[in-house]
file upload.txt (compact mmCIF, C-alpha atoms)
# COMPACT_ATOMS: atom_id res chain seq x y z
CA GLU A 1 21.27 -128.41 59.73
CA ILE A 2 21.19 -131.74 57.92
CA VAL A 3 22.70 -134.48 60.04
CA MET A 4 24.59 -137.19 58.18
CA THR A 5 24.92 -140.57 59.88
CA GLN A 6 27.32 -143.21 58.61
CA SER A 7 27.22 -146.88 59.48
CA PRO A 8 28.88 -148.97 60.53
CA ALA A 9 31.60 -147.02 62.30
CA THR A 10 34.04 -149.79 61.39
CA VAL A 11 33.73 -152.59 58.87
CA SER A 12 36.17 -155.52 58.73
CA VAL A 13 36.73 -156.97 55.30
CA SER A 14 39.27 -159.35 53.79
CA PRO A 15 41.35 -158.15 50.82
CA GLY A 16 39.60 -158.98 47.57
CA GLU A 17 36.16 -158.92 49.15
CA ARG A 18 33.45 -156.28 49.08
CA ALA A 19 32.76 -153.49 51.56
CA ILE A 20 29.35 -151.84 51.86
CA LEU A 21 29.18 -148.46 53.57
CA SER A 22 25.97 -146.63 54.41
CA CYS A 23 25.13 -142.98 54.85
CA ARG A 24 21.80 -141.59 55.98
CA ALA A 25 20.60 -137.98 55.84
CA SER A 26 18.22 -136.53 58.42
CA GLN A 27 16.10 -135.12 55.57
CA SER A 28 15.93 -135.63 51.85
CA ILE A 29 18.96 -134.36 49.97
CA SER A 30 17.91 -135.64 46.54
CA ASN A 31 21.12 -137.02 45.02
CA LYS A 32 23.38 -134.33 46.47
CA LEU A 33 25.84 -136.63 48.17
CA ALA A 34 29.61 -136.97 47.88
CA TRP A 35 31.97 -139.62 49.20
CA TYR A 36 35.60 -139.07 50.16
CA GLN A 37 38.47 -141.37 51.04
CA HIS A 38 40.79 -140.02 53.72
CA LYS A 39 44.12 -141.54 54.60
CA ARG A 40 45.89 -140.39 57.74
CA GLY A 41 48.16 -137.44 57.11
CA GLN A 42 46.91 -136.91 53.58
CA ALA A 43 44.37 -134.73 51.85
CA PRO A 44 40.91 -136.27 51.47
CA ARG A 45 40.17 -137.62 48.01
CA LEU A 46 36.88 -137.13 46.20
CA LEU A 47 35.48 -140.49 45.10
CA ILE A 48 31.85 -139.94 44.21
CA TYR A 49 29.57 -136.93 43.74
CA GLY A 50 25.91 -136.63 42.85
CA ALA A 51 25.48 -139.89 44.76
CA SER A 52 26.70 -142.07 41.90
CA THR A 53 29.14 -140.24 39.62
CA ARG A 54 32.74 -141.31 40.00
CA ALA A 55 35.26 -138.49 40.13
CA THR A 56 38.08 -138.33 37.61
CA GLY A 57 40.55 -141.16 37.98
CA ILE A 58 38.54 -143.16 40.51
CA PRO A 59 38.61 -146.91 39.81
CA ALA A 60 35.43 -148.66 38.80
CA ARG A 61 35.52 -150.82 41.93
CA PHE A 62 34.09 -147.80 43.76
CA SER A 63 30.38 -147.29 43.18
CA GLY A 64 27.76 -145.12 44.81
CA SER A 65 24.01 -145.31 44.86
CA GLY A 66 20.95 -143.93 46.59
CA SER A 67 18.74 -140.86 46.72
CA GLY A 68 16.60 -139.04 49.22
CA THR A 69 17.93 -140.06 52.61
CA GLU A 70 19.66 -143.40 52.08
CA PHE A 71 22.98 -143.83 50.30
CA THR A 72 25.52 -146.57 49.79
CA LEU A 73 29.16 -146.75 48.80
CA ILE A 74 30.32 -150.16 47.61
CA ILE A 75 33.97 -151.00 47.24
CA ASN A 76 34.50 -154.20 45.28
CA SER A 77 37.64 -156.33 45.34
CA LEU A 78 39.26 -154.39 48.15
CA GLN A 79 42.89 -153.53 47.54
CA SER A 80 45.45 -152.83 50.27
CA GLU A 81 45.29 -149.10 49.58
CA ASP A 82 41.52 -149.05 50.19
CA PHE A 83 41.79 -149.79 53.90
CA THR A 84 41.22 -146.38 55.43
CA VAL A 85 38.40 -144.01 56.40
CA TYR A 86 35.50 -142.89 54.23
CA TYR A 87 33.23 -139.88 54.69
CA CYS A 88 29.97 -138.87 53.09
CA GLN A 89 29.04 -135.20 52.65
CA GLN A 90 25.76 -133.63 51.65
CA HIS A 91 26.00 -130.88 49.04
CA TYR A 92 22.31 -130.03 49.11
CA ASN A 93 22.26 -126.97 51.35
CA TRP A 94 24.09 -124.90 53.94
CA PRO A 95 25.78 -125.64 56.19
CA LEU A 96 27.53 -128.42 54.33
CA THR A 97 27.80 -131.41 56.62
CA PHE A 98 29.78 -134.63 56.76
CA GLY A 99 29.04 -137.99 58.26
CA GLY A 100 31.13 -139.25 61.12
CA GLY A 101 33.11 -141.62 58.91
CA THR A 102 33.44 -145.36 58.39
CA LYS A 103 36.76 -147.07 58.88
CA VAL A 104 37.43 -150.00 56.54
CA GLU A 105 39.87 -152.32 58.25
CA ILE A 106 41.53 -155.56 57.28
CA LYS A 107 39.79 -158.63 58.60
CA GLN B 1 48.63 -129.66 38.21
CA VAL B 2 46.25 -128.30 40.82
CA GLN B 3 47.86 -127.55 44.17
CA LEU B 4 46.60 -126.01 47.39
CA VAL B 5 49.11 -125.28 50.13
CA GLU B 6 48.12 -124.17 53.62
CA SER B 7 50.39 -122.30 55.98
CA GLY B 8 50.22 -120.41 59.24
CA GLY B 9 49.35 -123.18 61.66
CA GLY B 10 50.79 -123.28 65.15
CA VAL B 11 50.11 -123.18 68.86
CA VAL B 12 48.01 -120.38 70.33
CA HIS B 13 46.52 -119.67 73.74
CA PRO B 14 42.77 -119.72 74.31
CA GLY B 15 41.36 -116.36 73.33
CA GLY B 16 44.20 -115.74 70.93
CA SER B 17 44.27 -115.27 67.17
CA LEU B 18 45.87 -116.95 64.21
CA ARG B 19 45.79 -116.48 60.46
CA LEU B 20 45.90 -119.37 58.02
CA SER B 21 46.67 -118.93 54.34
CA CYS B 22 45.95 -121.15 51.37
CA VAL B 23 47.90 -120.55 48.18
CA ALA B 24 46.54 -122.17 45.04
CA SER B 25 48.01 -122.97 41.64
CA GLY B 26 47.22 -124.95 38.52
CA PHE B 27 43.73 -123.60 37.88
CA THR B 28 41.95 -120.30 37.26
CA PHE B 29 41.67 -119.28 40.90
CA SER B 30 39.32 -116.36 40.31
CA THR B 31 36.57 -118.63 38.98
CA TYR B 32 36.35 -121.06 41.91
CA SER B 33 35.08 -120.81 45.46
CA ILE B 34 37.44 -122.05 48.16
CA HIS B 35 36.30 -123.80 51.32
CA TRP B 36 37.90 -124.60 54.65
CA VAL B 37 37.26 -127.92 56.37
CA ARG B 38 38.76 -129.01 59.66
CA GLN B 39 39.37 -132.25 61.51
CA ALA B 40 39.76 -132.24 65.27
CA PRO B 41 41.97 -134.95 66.79
CA GLY B 42 40.24 -138.31 66.55
CA LYS B 43 37.16 -136.76 64.96
CA GLY B 44 35.59 -136.51 61.55
CA LEU B 45 35.52 -133.70 59.01
CA GLU B 46 33.72 -130.45 59.75
CA TRP B 47 32.98 -127.76 57.19
CA VAL B 48 34.18 -124.35 58.42
CA GLY B 49 33.37 -121.84 55.71
CA VAL B 50 33.57 -120.74 52.10
CA ALA B 51 34.71 -117.69 50.16
CA SER B 52 32.95 -117.33 46.83
CA PHE B 53 34.88 -117.18 43.59
CA GLU B 54 34.91 -113.38 43.51
CA GLY B 55 35.53 -113.18 47.23
CA VAL B 56 32.34 -111.28 47.98
CA VAL B 57 30.09 -113.95 49.45
CA LYS B 58 31.26 -115.72 52.57
CA LYS B 59 29.46 -118.35 54.59
CA TYR B 60 30.47 -119.85 57.92
CA ALA B 61 29.58 -122.73 60.16
CA ASP B 62 27.67 -121.67 63.25
CA SER B 63 30.55 -122.91 65.40
CA VAL B 64 32.90 -120.24 64.01
CA GLN B 65 30.49 -117.49 62.97
CA GLY B 66 31.60 -114.16 64.40
CA ARG B 67 35.08 -115.43 65.30
CA PHE B 68 36.51 -116.50 61.93
CA THR B 69 36.80 -114.30 58.84
CA LEU B 70 37.57 -115.36 55.31
CA SER B 71 39.19 -113.26 52.62
CA LYS B 72 40.04 -114.14 49.03
CA ASP B 73 42.68 -112.30 47.02
CA ASN B 74 42.40 -113.30 43.38
CA SER B 75 45.48 -111.27 42.46
CA LYS B 76 47.58 -113.48 44.75
CA ASN B 77 45.70 -116.79 44.35
CA THR B 78 45.29 -116.80 48.12
CA VAL B 79 42.51 -117.39 50.60
CA SER B 80 43.07 -116.43 54.23
CA LEU B 81 41.25 -117.60 57.33
CA GLN B 82 41.56 -115.15 60.20
CA MET B 83 40.71 -116.93 63.44
CA SER B 84 40.03 -114.94 66.62
CA ASN B 85 38.91 -115.71 70.15
CA LEU B 86 40.17 -119.24 69.67
CA ARG B 87 38.90 -122.03 71.89
CA SER B 88 40.29 -125.44 72.73
CA GLU B 89 37.63 -127.01 70.52
CA ASP B 90 39.13 -125.19 67.52
CA THR B 91 42.18 -127.43 67.77
CA ALA B 92 42.25 -129.26 64.46
CA VAL B 93 43.95 -129.78 61.15
CA TYR B 94 42.55 -127.16 58.78
CA PHE B 95 42.25 -128.02 55.11
CA CYS B 96 41.49 -125.66 52.27
CA ALA B 97 39.62 -127.22 49.39
CA LYS B 98 38.60 -126.19 45.90
CA GLU B 99 34.92 -126.30 45.06
CA PHE B 100 34.21 -128.56 42.09
CA ASN B 101 32.27 -125.92 40.20
CA GLU B 102 29.92 -123.05 40.88
CA HIS B 103 26.97 -124.26 42.97
CA GLN B 104 28.43 -127.76 43.14
CA TRP B 105 29.43 -127.78 46.76
CA TYR B 106 31.85 -130.64 46.95
CA PHE B 107 35.60 -130.61 46.75
CA ASP B 108 37.83 -132.06 44.07
CA TYR B 109 41.18 -130.83 45.37
CA TRP B 110 42.40 -130.37 48.92
CA GLY B 111 45.54 -129.12 50.59
CA GLN B 112 47.58 -131.24 52.99
CA GLY B 113 46.32 -129.30 55.99
CA ALA B 114 47.66 -126.99 58.67
CA LEU B 115 47.61 -127.94 62.34
CA VAL B 116 46.19 -125.43 64.79
CA THR B 117 46.57 -126.19 68.48
CA VAL B 118 44.76 -124.06 71.04
CA ALA B 119 46.20 -124.72 74.48
CA SER B 120 47.32 -122.88 77.54
call {"tool": "encode", "arguments": {"input": "upload.txt", "output": "structure tokens"}}
result
Amino acid sequence: EIVMTQSPATVSVSPGERAILSCRASQSISNKLAWYQHKRGQAPRLLIYGASTRATGIPARFSGSGSGTEFTLIINSLQSEDFTVYYCQQHYNWPLTFGGGTKVEIK
Amino acid sequence: QVQLVESGGGVVHPGGSLRLSCVASGFTFSTYSIHWVRQAPGKGLEWVGVASFEGVVKKYADSVQGRFTLSKDNSKNTVSLQMSNLRSEDTAVYFCAKEFNEHQWYFDYWGQGALVTVAS
């Protein structure tokens, strides 16, 4: 099983600033990485797939990068609705696995 | 628009059984695999299993293998998750999710979730 590790667990950022979230895979997953935003009580929302491709309707302030074992999600100009939890997920092989999540909180 | 709606959640005793359903609309159900993902209280997301687009191939997480069974009925746009021998650690919100495309194992649409509580 591929273990996905996200860091930091919590990041404190002021509105309008940038948040940088990291995700590490225990083995190479090429570019098979997705990012989700998950607000409490709601369905998770696909942000990024293939490490860097934004899903339909996702604002350009969300960007993903990386390959192999190291990946990054950058959220520029944080808006109020962006303060929530983010998960990475490898879609390289079975079983599919998620990281533990990073909470983006208001500084 | 695409919709996935889970139902069947509730409270069950350890060792008991429960059946969750996921009804889909707004897309050609028979051409997409459907996954289940769960979130235990205060925890992250955990993939549970998948039923392939035609309903023939099923895969499960090790944590539920042998206890959970998936079925997909393309005539009813429904995927069911039969859960047996439930344990306290199965307590979670269970989401069904549509696979983006064949062999692209990420999820572009999710349901709102169904809460399963396993407690005595």
call {"tool": "interface_residues", "arguments": {"input": "upload.txt", "of": "chain B", "to": "chain A", "cutoff": "8 Å", "atoms": "only C-alpha atoms", "output": "ChimeraX atom specification"}}
result
/B:43-47,60-61,95,104-113
call {"tool": "atom_distance", "arguments": {"input": "upload.txt", "atom1": "CA of Gly68 in chain A", "atom2": "CA of Ile20 in chain A"}}
result
18.3 Å
call {"tool": "atom_distance", "arguments": {"input": "upload.txt", "atom1": "CA of Gly66 in chain A", "atom2": "CA of Val48 in chain B"}}
result
26.4 Å
call {"tool": "atom_distance", "arguments": {"input": "upload.txt", "atom1": "CA of Gly57 in chain A", "atom2": "CA of Lys72 in chain B"}}
result
29.2 Å
call {"tool": "closest_residue", "arguments": {"input": "upload.txt", "among": "B:Ser25, B:Ser17, B:Ser7, B:Asn85", "to": "Lys98 in chain B", "atoms": "all atoms listed in the file"}}
result
B:Ser25
call {"tool": "residues_around", "arguments": {"input": "upload.txt", "residues": "Val64 in chain B", "least_positions_apart": "2", "cutoff": "9 Å", "atoms": "all atoms listed in the file", "output": "ChimeraX atom specification"}}
result
/B:48-49,60-62,66-69,83,90
call {"tool": "residues_around", "arguments": {"input": "upload.txt", "residues": "Glu105 in chain A", "least_positions_apart": "3", "cutoff": "8 Å", "atoms": "only C-alpha atoms", "output": "PyMOL selection string"}}
result
chain A and resi 10-13+83-84
call {"tool": "residues_around", "arguments": {"input": "upload.txt", "residues": "Ser65 in chain A", "least_positions_apart": "5", "cutoff": "7 Å", "atoms": "all atoms listed in the file", "output": "PyMOL selection string"}}
result
chain A and resi 51-52+71-73
call {"tool": "residues_near_point", "arguments": {"input": "upload.txt", "point": "(16.6, -132.8, 55.5)", "cutoff": "6 Å", "atoms": "only C-alpha atoms", "output": "list in words"}}
result
Ile2, Ser26, Gln27 and Ser28 of chain A
call {"tool": "residues_around", "arguments": {"input": "upload.txt", "residues": "Leu78 in chain A", "least_positions_apart": "3", "cutoff": "9 Å", "atoms": "only C-alpha atoms", "output": "ChimeraX atom specification"}}
result
/A:13-19,61,75,81-83
call {"tool": "residues_around", "arguments": {"input": "upload.txt", "residues": "Gly16 in chain B", "least_positions_apart": "6", "cutoff": "10 Å", "atoms": "only C-alpha atoms", "output": "number ranges by chain"}}
result
B: 83-87, 118-119
call {"tool": "write_last_selection", "arguments": {"input": "upload.txt", "atoms": "C-alpha atoms", "output": "short mmCIF file (atom, residue, chain, number, x, y, z; two decimals), keeping the file's coordinate frame"}}
result
data_model
loop_
_atom_site.label_atom_id
_atom_site.label_comp_id
_atom_site.auth_asym_id
_atom_site.auth_seq_id
_atom_site.Cartn_x
_atom_site.Cartn_y
_atom_site.Cartn_z
CA MET B 83 40.71 -116.93 63.44
CA SER B 84 40.03 -114.94 66.62
CA ASN B 85 38.91 -115.71 70.15
CA LEU B 86 40.17 -119.24 69.67
CA ARG B 87 38.90 -122.03 71.89
CA VAL B 118 44.76 -124.06 71.04
CA ALA B 119 46.20 -124.72 74.48
#
call {"tool": "decode", "arguments": {"input": "upload.txt", "residues": "range 76-89 of chain B", "atoms": "all heavy atoms", "output": "short mmCIF file (atom, residue, chain, number, x, y, z; two decimals), in the first residue's frame"}}
result
data_model
loop_
_atom_site.label_atom_id
_atom_site.label_comp_id
_atom_site.auth_asym_id
_atom_site.auth_seq_id
_atom_site.Cartn_x
_atom_site.Cartn_y
_atom_site.Cartn_z
N LYS B 76 -31.14 0.39 -12.49
CA LYS B 76 -31.72 1.26 -11.47
C LYS B 76 -30.80 2.42 -11.09
O LYS B 76 -31.08 3.15 -10.13
CB LYS B 76 -32.07 0.45 -10.22
CG LYS B 76 -33.12 -0.62 -10.46
CD LYS B 76 -33.44 -1.39 -9.19
CE LYS B 76 -34.50 -2.44 -9.43
NZ LYS B 76 -34.79 -3.23 -8.20
N ASN B 77 -29.69 2.55 -11.79
CA ASN B 77 -28.70 3.61 -11.49
C ASN B 77 -28.32 3.59 -10.00
O ASN B 77 -28.19 4.65 -9.37
CB ASN B 77 -29.25 4.99 -11.87
CG ASN B 77 -29.14 5.27 -13.35
OD1 ASN B 77 -28.97 4.35 -14.15
ND2 ASN B 77 -29.24 6.53 -13.74
N THR B 78 -28.11 2.41 -9.48
CA THR B 78 -27.87 2.26 -8.04
C THR B 78 -26.66 1.38 -7.76
O THR B 78 -26.47 0.35 -8.41
CB THR B 78 -29.10 1.65 -7.35
OG1 THR B 78 -30.22 2.51 -7.55
CG2 THR B 78 -28.87 1.48 -5.86
N VAL B 79 -25.88 1.80 -6.78
CA VAL B 79 -24.82 0.97 -6.22
C VAL B 79 -25.15 0.74 -4.75
O VAL B 79 -25.52 1.69 -4.03
CB VAL B 79 -23.45 1.63 -6.34
CG1 VAL B 79 -22.40 0.82 -5.59
CG2 VAL B 79 -23.05 1.77 -7.79
N SER B 80 -25.03 -0.50 -4.31
CA SER B 80 -25.29 -0.83 -2.92
C SER B 80 -24.03 -1.33 -2.24
O SER B 80 -23.19 -1.99 -2.87
CB SER B 80 -26.38 -1.90 -2.82
OG SER B 80 -27.60 -1.40 -3.33
N LEU B 81 -23.92 -0.99 -0.97
CA LEU B 81 -22.80 -1.45 -0.15
C LEU B 81 -23.40 -2.23 1.02
O LEU B 81 -23.98 -1.64 1.92
CB LEU B 81 -21.97 -0.28 0.34
CG LEU B 81 -20.78 -0.63 1.24
CD1 LEU B 81 -19.73 -1.43 0.46
CD2 LEU B 81 -20.13 0.64 1.82
N GLN B 82 -23.28 -3.55 0.95
CA GLN B 82 -23.76 -4.41 2.02
C GLN B 82 -22.63 -4.59 3.03
O GLN B 82 -21.57 -5.09 2.68
CB GLN B 82 -24.20 -5.77 1.47
CG GLN B 82 -24.65 -6.75 2.53
CD GLN B 82 -25.94 -6.31 3.22
OE1 GLN B 82 -26.90 -5.92 2.55
NE2 GLN B 82 -25.96 -6.39 4.54
N MET B 83 -22.88 -4.15 4.26
CA MET B 83 -21.86 -4.20 5.31
C MET B 83 -22.27 -5.21 6.37
O MET B 83 -23.38 -5.10 6.92
CB MET B 83 -21.69 -2.81 5.93
CG MET B 83 -21.35 -1.74 4.90
SD MET B 83 -21.10 -0.11 5.63
CE MET B 83 -22.77 0.25 6.16
N SER B 84 -21.41 -6.15 6.65
CA SER B 84 -21.70 -7.20 7.63
C SER B 84 -20.60 -7.25 8.67
O SER B 84 -19.50 -6.71 8.47
CB SER B 84 -21.80 -8.56 6.92
OG SER B 84 -22.78 -8.54 5.92
N ASN B 85 -20.92 -7.93 9.78
CA ASN B 85 -19.95 -8.07 10.87
C ASN B 85 -19.31 -6.72 11.21
O ASN B 85 -18.09 -6.59 11.30
CB ASN B 85 -18.88 -9.10 10.49
CG ASN B 85 -18.02 -9.51 11.65
OD1 ASN B 85 -18.38 -9.30 12.82
ND2 ASN B 85 -16.86 -10.07 11.36
N LEU B 86 -20.15 -5.73 11.40
CA LEU B 86 -19.66 -4.37 11.60
C LEU B 86 -18.93 -4.22 12.92
O LEU B 86 -19.27 -4.86 13.92
CB LEU B 86 -20.82 -3.39 11.50
CG LEU B 86 -21.27 -3.11 10.06
CD1 LEU B 86 -22.67 -2.53 10.01
CD2 LEU B 86 -20.28 -2.16 9.37
N ARG B 87 -17.93 -3.38 12.90
CA ARG B 87 -17.09 -3.10 14.07
C ARG B 87 -17.19 -1.62 14.41
O ARG B 87 -17.58 -0.80 13.57
CB ARG B 87 -15.64 -3.44 13.74
CG ARG B 87 -15.42 -4.84 13.18
CD ARG B 87 -14.04 -4.96 12.57
NE ARG B 87 -13.78 -6.31 12.03
CZ ARG B 87 -12.77 -6.61 11.23
NH1 ARG B 87 -11.90 -5.66 10.88
NH2 ARG B 87 -12.62 -7.85 10.79
N SER B 88 -16.76 -1.28 15.61
CA SER B 88 -16.82 0.12 16.02
C SER B 88 -15.99 1.00 15.10
O SER B 88 -16.35 2.15 14.83
CB SER B 88 -16.33 0.26 17.47
OG SER B 88 -15.01 -0.24 17.60
N GLU B 89 -14.90 0.45 14.59
CA GLU B 89 -14.04 1.24 13.70
C GLU B 89 -14.65 1.46 12.31
O GLU B 89 -14.07 2.19 11.50
CB GLU B 89 -12.65 0.60 13.56
CG GLU B 89 -12.65 -0.85 13.11
CD GLU B 89 -12.57 -1.83 14.27
OE1 GLU B 89 -13.17 -1.54 15.34
OE2 GLU B 89 -11.91 -2.88 14.09
#
